[in-house]
>>> print(open('start-v8.cif').read())   # mmCIF, C-alpha atoms
data_run
loop_
_atom_site.label_atom_id
_atom_site.label_comp_id
_atom_site.auth_asym_id
_atom_site.auth_seq_id
_atom_site.Cartn_x
_atom_site.Cartn_y
_atom_site.Cartn_z
CA MET A 1138 134.44 157.45 57.42
CA ASN A 1139 134.92 155.65 60.66
CA VAL A 1140 133.23 157.61 63.47
CA ALA A 1141 136.19 157.64 65.84
CA THR A 1142 138.57 158.49 63.00
CA GLU A 1143 136.36 161.37 61.92
CA GLN A 1144 136.35 162.79 65.43
CA GLU A 1145 140.12 162.42 65.72
CA ALA A 1146 140.64 164.07 62.35
CA TYR A 1147 138.36 166.96 63.31
CA LEU A 1148 140.11 167.33 66.67
CA GLU A 1149 143.52 167.32 65.00
CA ALA A 1150 142.43 169.90 62.49
CA VAL A 1151 141.17 172.23 65.22
CA LYS A 1152 144.39 171.65 67.13
CA ARG A 1153 146.45 172.63 64.09
CA ALA A 1154 144.42 175.78 63.64
CA LEU A 1155 145.27 176.72 67.23
CA ALA A 1156 148.94 175.80 66.82
CA ASP A 1157 150.14 179.32 67.55
CA LEU A 1158 148.65 179.30 71.06
CA ASP A 1159 150.81 178.25 73.95
CA PRO A 1160 150.24 174.57 74.76
CA THR A 1161 148.59 175.13 78.13
CA THR A 1162 145.97 177.49 76.73
CA ARG A 1163 145.38 175.22 73.79
CA GLU A 1164 144.93 172.15 75.97
CA GLU A 1165 142.46 174.03 78.13
CA LEU A 1166 140.51 175.15 75.09
CA LEU A 1167 140.42 171.67 73.62
CA GLU A 1168 139.76 169.86 76.88
CA ASP A 1169 136.03 169.50 76.27
CA LEU A 1170 136.21 168.97 72.54
CA PRO A 1171 136.62 165.14 72.37
CA GLU A 1172 133.61 164.65 74.57
CA HIS A 1173 131.66 167.24 72.67
CA LEU A 1174 132.47 165.62 69.36
CA ALA A 1175 131.38 162.27 70.74
CA GLU A 1176 128.07 163.78 71.89
CA VAL A 1177 127.46 165.48 68.56
CA ALA A 1178 128.32 162.33 66.67
CA ALA A 1179 125.98 160.25 68.83
CA GLU A 1180 123.17 162.75 68.46
CA GLY A 1181 122.29 162.59 64.81
CA GLU A 1182 123.04 162.32 61.15
CA GLY A 1183 125.56 164.09 59.03
CA SER A 1184 129.30 164.59 59.28
CA LEU A 1185 130.91 166.67 62.01
CA ALA A 1186 131.96 169.30 59.51
CA GLU A 1187 128.37 169.59 58.30
CA ARG A 1188 126.99 170.23 61.76
CA LEU A 1189 129.85 172.11 63.38
CA GLY A 1190 131.26 173.84 60.33
CA PRO A 1191 134.83 173.37 59.12
CA PRO A 1192 137.46 172.81 61.83
CA ASP A 1193 139.18 176.10 61.00
CA ALA A 1194 135.95 178.03 61.55
CA TYR A 1195 135.31 176.13 64.78
CA ALA A 1196 138.79 177.01 66.00
CA ALA A 1197 138.35 180.65 65.05
CA GLU A 1198 135.03 180.84 66.90
CA LEU A 1199 136.49 179.12 69.93
CA ARG A 1200 139.41 181.52 69.98
CA LEU A 1201 137.19 184.55 69.59
CA ALA A 1202 134.71 183.47 72.27
CA ALA A 1203 137.53 182.68 74.67
CA GLY A 1204 138.76 186.22 74.24
CA LEU A 1205 142.09 185.22 72.72
CA GLY A 1206 143.48 187.39 70.00
CA ALA A 1207 145.90 186.07 67.44
CA ALA A 1208 148.37 184.65 69.92
CA THR A 1209 151.97 184.44 68.78
CA THR A 1210 153.51 182.26 71.45
CA PRO A 1211 155.83 179.76 69.81
CA ALA A 1212 154.38 176.29 69.67
CA ARG A 1213 156.15 173.09 70.57
CA GLY A 1214 154.75 170.21 68.53
CA LEU A 1215 156.76 168.93 65.56
CA ASP A 1216 154.16 170.23 63.10
CA ASP A 1217 154.15 173.55 64.89
CA ARG A 1218 157.91 173.80 64.97
CA ILE A 1219 158.08 173.09 61.25
CA ALA A 1220 155.40 175.70 60.64
CA VAL A 1221 157.30 178.21 62.75
CA ALA A 1222 160.57 177.36 60.97
CA VAL A 1223 158.92 177.76 57.57
CA ARG A 1224 157.54 181.13 58.65
CA ARG A 1225 160.98 182.23 59.85
CA VAL A 1226 162.68 181.13 56.63
CA ARG A 1227 160.04 182.94 54.63
CA GLY A 1228 160.60 186.05 56.70
CA ALA A 1229 164.36 185.86 56.21
CA LEU A 1230 163.92 185.28 52.49
CA GLY A 1231 161.63 188.29 52.33
CA VAL A 1232 164.25 190.47 54.00
CA ALA A 1233 167.00 189.15 51.70
CA ASP A 1234 164.67 189.73 48.76
CA ARG A 1235 164.18 193.39 49.66
CA LYS A 1236 167.85 193.98 50.51
CA ALA A 1237 169.23 192.35 47.36
CA GLY A 1238 166.77 194.25 45.16
CA PRO A 1239 168.62 197.60 44.98
CA VAL A 1240 171.90 195.82 44.17
CA LEU A 1241 170.27 194.48 41.02
CA GLY A 1242 168.51 197.74 40.34
CA TYR A 1243 165.04 196.55 41.28
CA GLY A 1244 162.75 197.05 44.24
CA LYS A 1245 162.98 193.39 45.12
CA ALA A 1246 165.32 190.67 43.92
CA SER A 1247 162.27 188.54 43.13
CA GLU A 1248 161.10 191.13 40.59
CA PHE A 1249 164.37 190.70 38.73
CA LEU A 1250 164.26 186.91 39.01
CA ARG A 1251 160.72 186.90 37.65
CA LEU A 1252 162.02 188.67 34.54
CA LEU A 1253 164.53 185.84 34.13
CA LEU A 1254 161.82 183.17 34.12
CA PRO A 1255 161.53 182.95 30.30
CA ALA A 1256 165.31 182.56 30.11
CA TRP A 1257 165.03 179.65 32.48
CA TRP A 1258 162.32 178.10 30.29
CA VAL A 1259 164.66 178.23 27.29
CA LEU A 1260 167.53 176.77 29.28
CA ARG A 1261 165.23 174.06 30.59
CA GLY A 1262 164.23 173.08 27.07
CA TYR A 1263 167.88 172.90 26.08
CA LEU A 1264 168.72 170.74 29.08
CA VAL A 1265 165.80 168.42 28.36
CA ALA A 1266 167.01 167.99 24.77
CA MET A 1267 170.48 167.26 26.13
CA ALA A 1268 169.11 164.77 28.64
CA ILE A 1269 167.23 162.93 25.88
CA THR A 1270 170.40 162.79 23.79
CA VAL A 1271 172.52 161.55 26.67
CA LEU A 1272 169.96 158.91 27.57
CA THR A 1273 169.81 157.60 24.01
CA THR A 1274 173.39 158.10 22.77
CA SER A 1275 175.29 158.88 26.01
CA GLN A 1276 177.13 161.71 24.30
CA PHE A 1277 177.32 165.13 25.89
CA GLY A 1278 178.26 168.08 23.73
CA LEU A 1279 177.17 171.63 23.11
CA LEU A 1280 174.48 170.48 20.69
CA PRO A 1281 172.12 167.61 21.47
CA ARG A 1282 173.14 165.56 18.41
CA LEU A 1283 170.53 162.84 18.40
CA GLY A 1284 171.97 160.09 16.24
CA GLY A 1285 174.92 162.34 15.43
CA SER A 1286 172.86 164.54 13.11
CA THR A 1287 173.06 168.32 13.36
CA LEU A 1288 169.67 168.70 11.70
CA ALA A 1289 168.11 166.38 14.26
CA ALA A 1290 169.85 168.38 16.97
CA VAL A 1291 168.40 171.67 15.80
CA LEU A 1292 164.93 170.15 15.37
CA MET A 1293 164.90 168.56 18.79
CA LEU A 1294 166.29 171.70 20.41
CA THR A 1295 163.53 173.76 18.82
CA VAL A 1296 160.78 171.38 19.91
CA CYS A 1297 162.07 171.07 23.48
CA VAL A 1298 162.58 174.82 23.94
CA LEU A 1299 159.13 175.63 22.56
CA ALA A 1300 157.53 172.96 24.74
CA SER A 1301 159.32 174.28 27.81
CA ILE A 1302 158.15 177.84 27.11
CA TRP A 1303 154.60 176.59 26.51
CA LEU A 1304 154.69 174.77 29.84
CA GLY A 1305 156.26 177.73 31.61
CA ARG A 1306 153.45 180.05 30.59
CA ARG A 1307 150.91 177.63 32.07
CA GLU A 1308 152.85 176.69 35.18
CA ALA A 1309 151.14 179.22 37.43
CA ARG A 1310 147.77 177.60 36.81
CA LEU A 1311 148.88 174.05 37.59
CA ARG A 1312 148.11 172.25 40.79
CA PRO A 1313 150.64 172.77 43.63
CA VAL A 1314 151.73 169.11 43.54
CA VAL A 1315 152.55 169.36 39.85
CA ARG A 1316 154.41 172.63 40.38
CA VAL A 1317 156.53 171.14 43.15
CA GLY A 1318 157.27 168.20 40.85
CA LEU A 1319 158.32 170.58 38.08
CA GLY A 1320 160.55 172.47 40.50
CA LEU A 1321 162.30 169.29 41.60
CA ALA A 1322 162.70 168.20 37.98
CA GLY A 1323 164.25 171.59 37.24
CA VAL A 1324 166.79 171.18 40.04
CA GLY A 1325 167.59 167.72 38.69
CA LEU A 1326 168.10 169.13 35.18
CA VAL A 1327 170.46 171.83 36.44
CA LEU A 1328 172.52 169.23 38.32
CA PHE A 1329 172.56 167.03 35.22
CA GLY A 1330 173.73 169.99 33.14
CA LEU A 1331 176.51 170.87 35.59
CA VAL A 1332 177.78 167.29 35.67
CA GLY A 1333 177.53 166.98 31.89
CA PHE A 1334 179.40 170.22 31.14
CA ASP A 1335 182.04 169.35 33.71
CA LYS A 1336 182.61 166.01 31.96
CA ALA A 1337 182.66 167.65 28.54
CA ASP A 1338 185.34 170.04 29.83
CA GLN A 1339 187.41 167.14 31.09
CA TYR A 1340 187.27 165.40 27.72
CA GLY A 1341 188.54 168.55 26.08
CA THR A 1342 191.48 168.84 28.46
CA VAL A 1343 192.51 165.23 27.99
CA TYR A 1344 192.39 165.63 24.22
CA ILE A 1345 194.75 168.59 24.27
CA ASP A 1346 197.13 166.82 26.63
CA GLN A 1347 197.27 163.85 24.33
CA THR A 1348 198.25 165.90 21.30
CA TYR A 1349 201.18 167.27 23.24
CA SER A 1350 202.28 164.13 24.99
CA THR A 1351 201.86 161.43 22.37
CA ASN A 1352 202.86 163.02 19.08
CA GLN A 1353 205.18 165.88 19.63
CA TYR A 1354 206.45 165.76 16.02
CA GLU A 1355 203.13 165.59 14.28
CA TYR A 1356 203.82 168.83 12.46
CA VAL A 1357 207.10 167.51 11.00
CA GLN A 1358 206.77 166.89 7.29
CA ASP A 1359 210.39 166.35 6.40
CA VAL A 1360 213.80 166.07 8.06
CA TYR A 1361 216.89 167.91 6.88
CA ALA A 1362 220.26 167.05 8.30
CA TYR A 1363 223.30 169.36 8.05
CA ASP A 1364 226.88 168.60 8.86
CA GLU A 1365 229.00 170.71 11.18
CA ASN A 1366 229.85 173.10 8.36
CA GLY A 1367 226.27 173.68 7.42
CA ASN A 1368 226.33 171.45 4.41
CA PRO A 1369 223.02 169.76 3.79
CA LEU A 1370 223.20 165.98 3.91
CA SER A 1371 221.15 163.83 1.66
CA ASN A 1372 220.07 160.21 1.87
CA VAL A 1373 220.32 160.26 5.67
CA ARG A 1374 218.93 157.30 7.60
CA LEU A 1375 217.65 157.72 11.15
CA PHE A 1376 217.37 154.95 13.71
CA ASP A 1377 216.18 154.83 17.30
CA GLN A 1378 218.11 153.22 20.19
CA ASP A 1379 216.83 149.79 19.18
CA GLY A 1380 217.94 150.08 15.60
CA ASN A 1381 214.47 150.58 14.23
CA PRO A 1382 214.14 153.12 11.44
CA ILE A 1383 212.49 156.38 12.55
CA GLN A 1384 209.56 157.24 10.37
CA LEU A 1385 208.97 160.99 10.26
CA GLY A 1386 207.22 163.28 7.89
CA ASP A 1387 205.30 162.71 4.71
CA PRO A 1388 207.19 160.47 2.25
CA TYR A 1389 204.87 161.49 -0.59
CA ARG A 1390 205.45 165.18 -0.13
CA CYS A 1391 207.49 165.43 -3.32
CA LEU A 1392 207.21 162.02 -4.90
CA ASN A 1393 204.18 160.06 -5.93
CA VAL A 1394 203.70 156.59 -4.58
CA ASP A 1395 205.47 154.81 -7.42
CA ASP A 1396 208.47 157.13 -7.47
CA TYR A 1397 208.83 156.89 -3.70
CA GLN A 1398 208.64 153.11 -3.88
CA ALA A 1399 211.33 153.12 -6.56
CA LYS A 1400 213.53 155.30 -4.38
CA VAL A 1401 213.00 153.09 -1.35
CA ASP A 1402 213.79 150.02 -3.40
CA ALA A 1403 217.01 151.63 -4.63
CA THR A 1404 218.37 153.26 -1.47
CA GLY A 1405 215.95 152.48 1.38
CA PRO A 1406 213.91 155.11 3.29
CA THR A 1407 216.12 158.15 3.63
CA TYR A 1408 215.83 161.84 4.56
CA PRO A 1409 215.10 164.37 3.33
CA HIS A 1410 212.05 163.35 1.39
CA CYS A 1411 212.43 166.52 -0.66
CA PRO A 1412 216.13 167.29 -1.09
CA ASN A 1413 215.33 170.35 -3.19
CA ARG A 1414 213.33 172.16 -0.49
CA LEU A 1415 216.16 172.92 1.90
CA PRO A 1416 215.17 175.30 4.68
CA TYR A 1417 218.73 176.74 4.85
CA LEU A 1418 220.91 177.66 2.00
CA ILE A 1419 224.61 178.07 2.33
CA ALA A 1420 226.54 180.95 0.90
CA PRO A 1421 229.34 179.75 -1.37
CA GLN A 1422 232.67 179.41 0.31
CA PRO A 1423 235.91 178.05 -0.99
CA GLY A 1424 235.90 174.32 -0.95
CA LEU A 1425 232.36 174.10 0.36
CA ARG A 1426 230.48 171.25 -1.06
CA VAL A 1427 226.96 172.14 -2.03
CA PRO A 1428 224.21 169.88 -3.26
CA ASP A 1429 223.54 171.80 -6.44
CA ARG A 1430 226.39 174.02 -7.55
CA GLY A 1431 224.39 176.02 -10.04
CA ALA A 1432 221.73 177.05 -7.55
CA VAL A 1433 223.60 177.79 -4.37
CA VAL A 1434 223.81 181.54 -4.52
CA THR A 1435 220.17 182.20 -5.13
CA PRO A 1436 217.64 181.87 -2.33
CA THR A 1437 215.21 180.08 -4.62
CA PRO A 1438 217.08 177.21 -6.17
CA ASP A 1439 214.29 175.71 -8.26
CA GLY A 1440 211.65 178.27 -8.99
CA PRO A 1441 208.58 179.40 -7.05
CA THR A 1442 207.06 175.98 -6.44
CA GLU A 1443 210.28 174.72 -4.93
CA ALA A 1444 210.93 177.85 -2.87
CA PRO A 1445 211.80 177.45 0.79
CA PRO A 1446 208.78 178.08 3.02
CA THR A 1447 208.48 181.81 3.45
CA ALA A 1448 206.43 181.43 6.58
CA SER A 1449 209.11 179.31 8.14
CA PRO A 1450 209.66 180.14 11.80
CA VAL A 1451 213.41 180.11 11.32
CA PRO A 1452 215.19 183.10 9.81
CA GLU A 1453 216.33 183.13 6.24
CA PRO A 1454 219.81 181.91 5.97
CA SER A 1455 222.36 184.65 5.68
CA ALA A 1456 226.05 185.12 5.64
CA THR A 1457 226.13 185.42 9.40
CA ALA A 1458 224.50 182.04 9.73
CA ALA A 1459 227.05 180.52 7.43
CA PRO A 1460 229.69 178.41 9.09
CA THR A 1461 233.08 180.01 9.47
CA GLY A 1462 234.93 176.90 10.41
CA THR A 1463 237.40 175.16 8.16
CA PRO A 1464 235.66 173.81 5.14
CA GLY A 1465 236.42 170.50 3.69
CA ALA A 1466 234.41 168.04 5.76
CA THR A 1467 232.63 165.88 3.29
CA PRO A 1468 229.46 164.07 4.21
CA THR A 1469 229.78 160.43 3.53
CA ASN A 1470 226.15 159.63 3.30
CA MET B 212 118.64 191.41 62.72
CA ASP B 213 121.02 188.52 62.84
CA THR B 214 120.72 186.91 66.27
CA THR B 215 124.34 185.79 66.23
CA GLN B 216 125.40 189.44 66.41
CA LEU B 217 123.25 189.97 69.50
CA LEU B 218 124.42 186.71 71.02
CA LYS B 219 128.00 187.86 71.06
CA GLY B 220 127.11 190.54 73.56
CA VAL B 221 124.95 188.47 75.85
CA LEU B 222 126.33 184.95 75.65
CA ASP B 223 128.28 185.45 78.89
CA LEU B 224 125.08 186.35 80.68
CA ALA B 225 123.17 183.49 79.09
CA VAL B 226 125.78 180.92 80.11
CA LEU B 227 125.89 182.27 83.67
CA ALA B 228 122.10 182.13 83.77
CA VAL B 229 121.74 178.50 82.69
CA LEU B 230 124.30 177.54 85.37
CA LYS B 231 122.44 179.39 88.11
CA ASP B 232 120.47 176.44 89.47
CA GLU B 233 122.48 173.48 88.28
CA ASP B 234 126.10 172.75 87.29
CA GLY B 235 126.60 171.32 83.84
CA TYR B 236 129.17 170.02 81.37
CA GLY B 237 129.81 171.66 78.02
CA TYR B 238 127.35 169.83 75.85
CA ASP B 239 124.74 169.98 78.58
CA ILE B 240 125.09 173.76 78.82
CA LEU B 241 124.80 174.04 75.05
CA ARG B 242 121.63 171.99 75.12
CA ARG B 243 120.14 174.16 77.86
CA LEU B 244 120.82 177.28 75.83
CA ARG B 245 119.25 175.77 72.74
CA THR B 246 116.25 174.53 74.68
CA ALA B 247 115.81 178.04 76.10
CA GLY B 248 115.50 179.32 72.54
CA LEU B 249 119.04 180.36 71.62
CA GLU B 250 119.06 178.03 68.62
CA GLU B 251 121.81 179.79 66.77
CA VAL B 252 124.44 179.68 69.47
CA GLY B 253 127.58 178.10 68.12
CA ASP B 254 129.16 175.11 69.82
CA ALA B 255 132.62 176.64 69.81
CA SER B 256 131.27 179.93 71.13
CA VAL B 257 129.88 178.22 74.19
CA TYR B 258 133.12 176.38 74.92
CA GLY B 259 135.15 179.51 74.35
CA THR B 260 132.87 181.48 76.62
CA LEU B 261 133.11 178.83 79.34
CA ARG B 262 136.86 179.03 79.20
CA ARG B 263 136.86 182.82 79.34
CA LEU B 264 134.44 182.92 82.29
CA PHE B 265 136.60 180.35 84.07
CA GLN B 266 139.71 182.44 83.41
CA ALA B 267 137.89 185.46 84.78
CA GLY B 268 137.32 183.57 88.01
CA LEU B 269 133.55 183.33 87.71
CA LEU B 270 133.28 179.54 87.43
CA ASN B 271 134.63 176.53 89.23
CA THR B 272 135.16 173.24 87.48
CA TYR B 273 135.40 169.60 88.39
CA VAL B 274 135.71 166.41 86.44
CA VAL B 275 133.19 163.61 86.70
CA PRO B 276 134.21 160.19 85.42
CA SER B 277 131.90 158.91 82.73
CA GLU B 278 130.98 155.27 82.30
CA GLU B 279 131.24 155.45 78.54
CA GLY B 280 133.40 157.93 76.67
CA PRO B 281 135.73 160.62 78.02
CA HIS B 282 135.39 162.17 81.45
CA ARG B 283 133.13 165.16 81.69
CA LYS B 284 134.23 168.53 82.92
CA TYR B 285 131.49 170.20 84.88
CA TYR B 286 131.13 173.95 85.32
CA GLY B 287 129.38 175.74 88.15
CA LEU B 288 128.97 179.29 89.41
CA ASN B 289 131.12 180.40 92.31
CA ALA B 290 130.35 183.44 94.45
CA ALA B 291 131.93 185.84 91.97
CA GLY B 292 129.96 184.19 89.20
CA ARG B 293 126.66 184.66 91.01
CA ASP B 294 127.55 188.26 91.74
CA GLN B 295 128.39 188.84 88.08
CA LEU B 296 125.14 187.16 87.02
CA ASN B 297 123.14 189.53 89.22
CA ARG B 298 124.90 192.65 87.99
CA ALA B 299 124.95 191.71 84.32
CA GLY B 300 121.34 190.56 84.60
CA LYS B 301 120.30 193.97 85.88
CA THR B 302 122.24 195.73 83.15
CA TRP B 303 120.57 193.58 80.52
CA ARG B 304 117.08 194.05 81.91
CA GLY B 305 117.60 197.79 82.01
CA PHE B 306 118.91 197.78 78.49
CA ALA B 307 116.17 195.49 77.24
CA SER B 308 113.37 197.57 78.80
CA THR B 309 114.89 200.72 77.34
CA MET B 310 114.87 199.08 73.94
CA ASP B 311 111.30 197.83 74.43
CA ALA B 312 110.12 201.29 75.40
CA LEU B 313 111.93 202.80 72.43
CA LEU B 314 110.27 200.40 70.04
CA ASP B 315 106.84 200.69 71.73
CA GLU B 316 106.84 204.46 71.42
CA ARG B 317 107.31 204.15 67.69
CA GLY B 318 104.75 201.40 67.34
CA VAL B 319 107.14 198.75 66.14
CA ALA B 320 105.50 195.35 66.28
CA ALA B 321 106.77 192.98 68.92
#
>>> encode(input="start-v8.cif", output="structure tokens")
Amino acid sequence: MNVATEQEAYLEAVKRALADLDPTTREELLEDLPEHLAEVAAEGEGSLAERLGPPDAYAAELRLAAGLGAATTPARGLDDRIAVAVRRVRGALGVADRKAGPVLGYGKASEFLRLLLPAWWVLRGYLVAMAITVLTTSQFGLLPRLGGSTLAAVLMLTVCVLASIWLGRREARLRPVVRVGLGLAGVGLVLFGLVGFDKADQYGTVYIDQTYSTNQYEYVQDVYAYDENGNPLSNVRLFDQDGNPIQLGDPYRCLNVDDYQAKVDATGPTYPHCPNRLPYLIAPQPGLRVPDRGAVVTPTPDGPTEAPPTASPVPEPSATAAPTGTPGATPTN
Amino acid sequence: MDTTQLLKGVLDLAVLAVLKDEDGYGYDILRRLRTAGLEEVGDASVYGTLRRLFQAGLLNTYVVPSEEGPHRKYYGLNAAGRDQLNRAGKTWRGFASTMDALLDERGVAA
């Protein structure tokens, strides 16, 4: 090491060790040190630390011989201020630690948090698996589906969680630099997880909105039209404001493809697709025209398979629902 | 017995003594002490002691510019320092002779 640099480094180290002294006292104590270091360095072989002992020990001896106890005057240098700030924060954290403890049912909050460490290791493994999935497939879900495979997801989740636990159990023995790195990585993972889950939530919301806004009639399987007297109409055609036919429901609900095609060829696409599955039945009234005279009075016109849906949200037709107006209106189409 | 333990009690007196005839700067004082036989005296102890004696009003100081390197701070005894040297010297001599007599009586080798 360069001689001057070594002396400066030694001087700085001693200065740091005396950081808690007030600046005037410290300057007085250190006044002779540069010259002394120069003399010692010029005198013989070996490093300063070898001949004078480590800077901390030198500082301690100096302090003791000068009759200064452990002074607590606040220091003013940037290093010192940071050191003081760190000490204050630690003190405040310690107080918060002790005060929050009883709330959680422990002597100190840190005792409780220490118990949660393994849980954090598991969560960390999960987040790592998720990060790998997002990086490779940019899909965020509840399971890290690597390549869309559930099996791969479970495998990767297992490996990552086990690895994280393994690492967690050895963390205390790692070097401080590595531990700080792990801590920062953990913060990054938590942020990543928050952002990812937030996005996943948004996707879900949009999906639900779309089902409501874009296809309100998705559940419609058939359309039944009735005239003002409650008579079911058959072979009804529906058009929108532009004259385009409205396609609703499932045309193959009652007919197979060929039969439906034959019907379309004969009459065009008309409603209802299944004329024999009327949701409302009309009680017989004089002059009322019904689609199937023989079956009107019974609620099940064509046997069990053709029965009206029992789980239908609308009430079963009854006499009260029957029209009371003048019969006789005849549907034309 | 470890000399460093003894030194702690008498370093003040030793420093005052080596400044009795001639002022000196820190490293110079250290060298005088070592030459006198106090090999184990620590560098920092001497500087700390100098500062404490100065604070106690027993020393005066002045700076002498040096041709090479930093300026040197010289220490010298003032009146109070000389007075303290005399009193502490007597105390030590009394103590030392008591100890000598104690050891002599019991035939402990010098």
>>> interface_residues(input="start-v8.cif", of="chain B", to="chain A", cutoff="10 Å", atoms="all atoms listed in the file", output="PyMOL selection string")
chain B and resi 219+222-223+236-239+241+253-266+280-285
>>> atom_distance(input="start-v8.cif", atom1="CA of Ala1403 in chain A", atom2="CA of Val1357 in chain A")
24.4 Å
>>> residues_around(input="start-v8.cif", residues="Arg293 in chain B", least_positions_apart="6", cutoff="12 Å", atoms="only C-alpha atoms", output="NGL selection string")
:B and (224 or 226-232 or 264 or 268-271 or 287 or 299-300)
>>> write_last_selection(input="start-v8.cif", atoms="C-alpha atoms", output="compact mmCIF listing (two decimals), keeping the file's coordinate frame")
# COMPACT_ATOMS: atom_id res chain seq x y z
CA LEU B 224 125.08 186.35 80.68
CA VAL B 226 125.78 180.92 80.11
CA LEU B 227 125.89 182.27 83.67
CA ALA B 228 122.10 182.13 83.77
CA VAL B 229 121.74 178.50 82.69
CA LEU B 230 124.30 177.54 85.37
CA LYS B 231 122.44 179.39 88.11
CA ASP B 232 120.47 176.44 89.47
CA LEU B 264 134.44 182.92 82.29
CA GLY B 268 137.32 183.57 88.01
CA LEU B 269 133.55 183.33 87.71
CA LEU B 270 133.28 179.54 87.43
CA ASN B 271 134.63 176.53 89.23
CA GLY B 287 129.38 175.74 88.15
CA ALA B 299 124.95 191.71 84.32
CA GLY B 300 121.34 190.56 84.60
>>> atom_distance(input="start-v8.cif", atom1="CA of Ser1247 in chain A", atom2="CA of Gly1228 in chain A")
13.9 Å
>>> atom_distance(input="start-v8.cif", atom1="CA of Leu1185 in chain A", atom2="CA of Gln1144 in chain A")
7.5 Å
>>> resolve_selection(input="start-v8.cif", expression="the PyMOL selection byres ((chain A and resi 1272-1277) around 12)", output="mmCIF file with C-alpha atoms, in the frame of the given file")
data_model
loop_
_atom_site.group_PDB
_atom_site.id
_atom_site.type_symbol
_atom_site.label_atom_id
_atom_site.label_comp_id
_atom_site.auth_asym_id
_atom_site.auth_seq_id
_atom_site.Cartn_x
_atom_site.Cartn_y
_atom_site.Cartn_z
ATOM 1 C CA LEU A 1264 168.720 170.740 29.080
ATOM 2 C CA VAL A 1265 165.800 168.420 28.360
ATOM 3 C CA ALA A 1266 167.010 167.990 24.770
ATOM 4 C CA MET A 1267 170.480 167.260 26.130
ATOM 5 C CA ALA A 1268 169.110 164.770 28.640
ATOM 6 C CA ILE A 1269 167.230 162.930 25.880
ATOM 7 C CA THR A 1270 170.400 162.790 23.790
ATOM 8 C CA VAL A 1271 172.520 161.550 26.670
ATOM 9 C CA GLY A 1278 178.260 168.080 23.730
ATOM 10 C CA LEU A 1279 177.170 171.630 23.110
ATOM 11 C CA LEU A 1280 174.480 170.480 20.690
ATOM 12 C CA PRO A 1281 172.120 167.610 21.470
ATOM 13 C CA ARG A 1282 173.140 165.560 18.410
ATOM 14 C CA LEU A 1283 170.530 162.840 18.400
ATOM 15 C CA GLY A 1284 171.970 160.090 16.240
ATOM 16 C CA GLY A 1285 174.920 162.340 15.430
ATOM 17 C CA SER A 1286 172.860 164.540 13.110
ATOM 18 C CA PHE A 1329 172.560 167.030 35.220
ATOM 19 C CA GLY A 1330 173.730 169.990 33.140
ATOM 20 C CA LEU A 1331 176.510 170.870 35.590
ATOM 21 C CA VAL A 1332 177.780 167.290 35.670
ATOM 22 C CA GLY A 1333 177.530 166.980 31.890
ATOM 23 C CA PHE A 1334 179.400 170.220 31.140
ATOM 24 C CA ASP A 1335 182.040 169.350 33.710
ATOM 25 C CA LYS A 1336 182.610 166.010 31.960
ATOM 26 C CA ALA A 1337 182.660 167.650 28.540
ATOM 27 C CA ASP A 1338 185.340 170.040 29.830
ATOM 28 C CA GLN A 1339 187.410 167.140 31.090
ATOM 29 C CA TYR A 1340 187.270 165.400 27.720
ATOM 30 C CA GLY A 1341 188.540 168.550 26.080
#
>>> axis_aligned_box(input="start-v8.cif", around="range 282-287 of chain B", padding_each_side="5 Å", output="AutoDock Vina command-line options")
--center_x 132.4 --center_y 169.0 --center_z 84.8 --size_x 16.0 --size_y 23.6 --size_z 16.7
>>> residues_around(input="start-v8.cif", residues="range 1307-1309 of chain A", least_positions_apart="6", cutoff="9 Å", atoms="only C-alpha atoms", output="PDB file with C-alpha atoms, in the frame of the given file")
ATOM      1  CA  VAL A1315     152.550 169.360  39.850  1.00  0.00           C
ATOM      2  CA  ARG A1316     154.410 172.630  40.380  1.00  0.00           C
ATOM      3  CA  LEU A1319     158.320 170.580  38.080  1.00  0.00           C
TER       4      LEU A1319
END
>>> residues_around(input="start-v8.cif", residues="Val1259 in chain A", least_positions_apart="4", cutoff="9 Å", atoms="all atoms listed in the file", output="CSV table (one decimal) with C-alpha atoms, keeping the file's coordinate frame")
chain,number,residue,atom,x,y,z
A,1254,LEU,CA,161.8,183.2,34.1
A,1255,PRO,CA,161.5,183.0,30.3
A,1263,TYR,CA,167.9,172.9,26.1
A,1264,LEU,CA,168.7,170.7,29.1
A,1297,CYS,CA,162.1,171.1,23.5
A,1298,VAL,CA,162.6,174.8,23.9
A,1299,LEU,CA,159.1,175.6,22.6
A,1301,SER,CA,159.3,174.3,27.8
A,1302,ILE,CA,158.2,177.8,27.1
>>> closest_residue(input="start-v8.cif", among="B:Arg242, B:Gly318, B:Glu278, B:Val252", to="Val221 in chain B", atoms="all atoms listed in the file")
B:Val252
>>> closest_residue(input="start-v8.cif", among="A:Ala1246, A:Met1293, A:Leu1288, A:Ala1186", to="Leu1148 in chain A", atoms="all atoms listed in the file")
A:Ala1186
>>> closest_residue(input="start-v8.cif", among="B:Asp294, B:Glu250, B:Asp213, B:Asp234", to="Thr272 in chain B", atoms="only C-alpha atoms")
B:Asp234
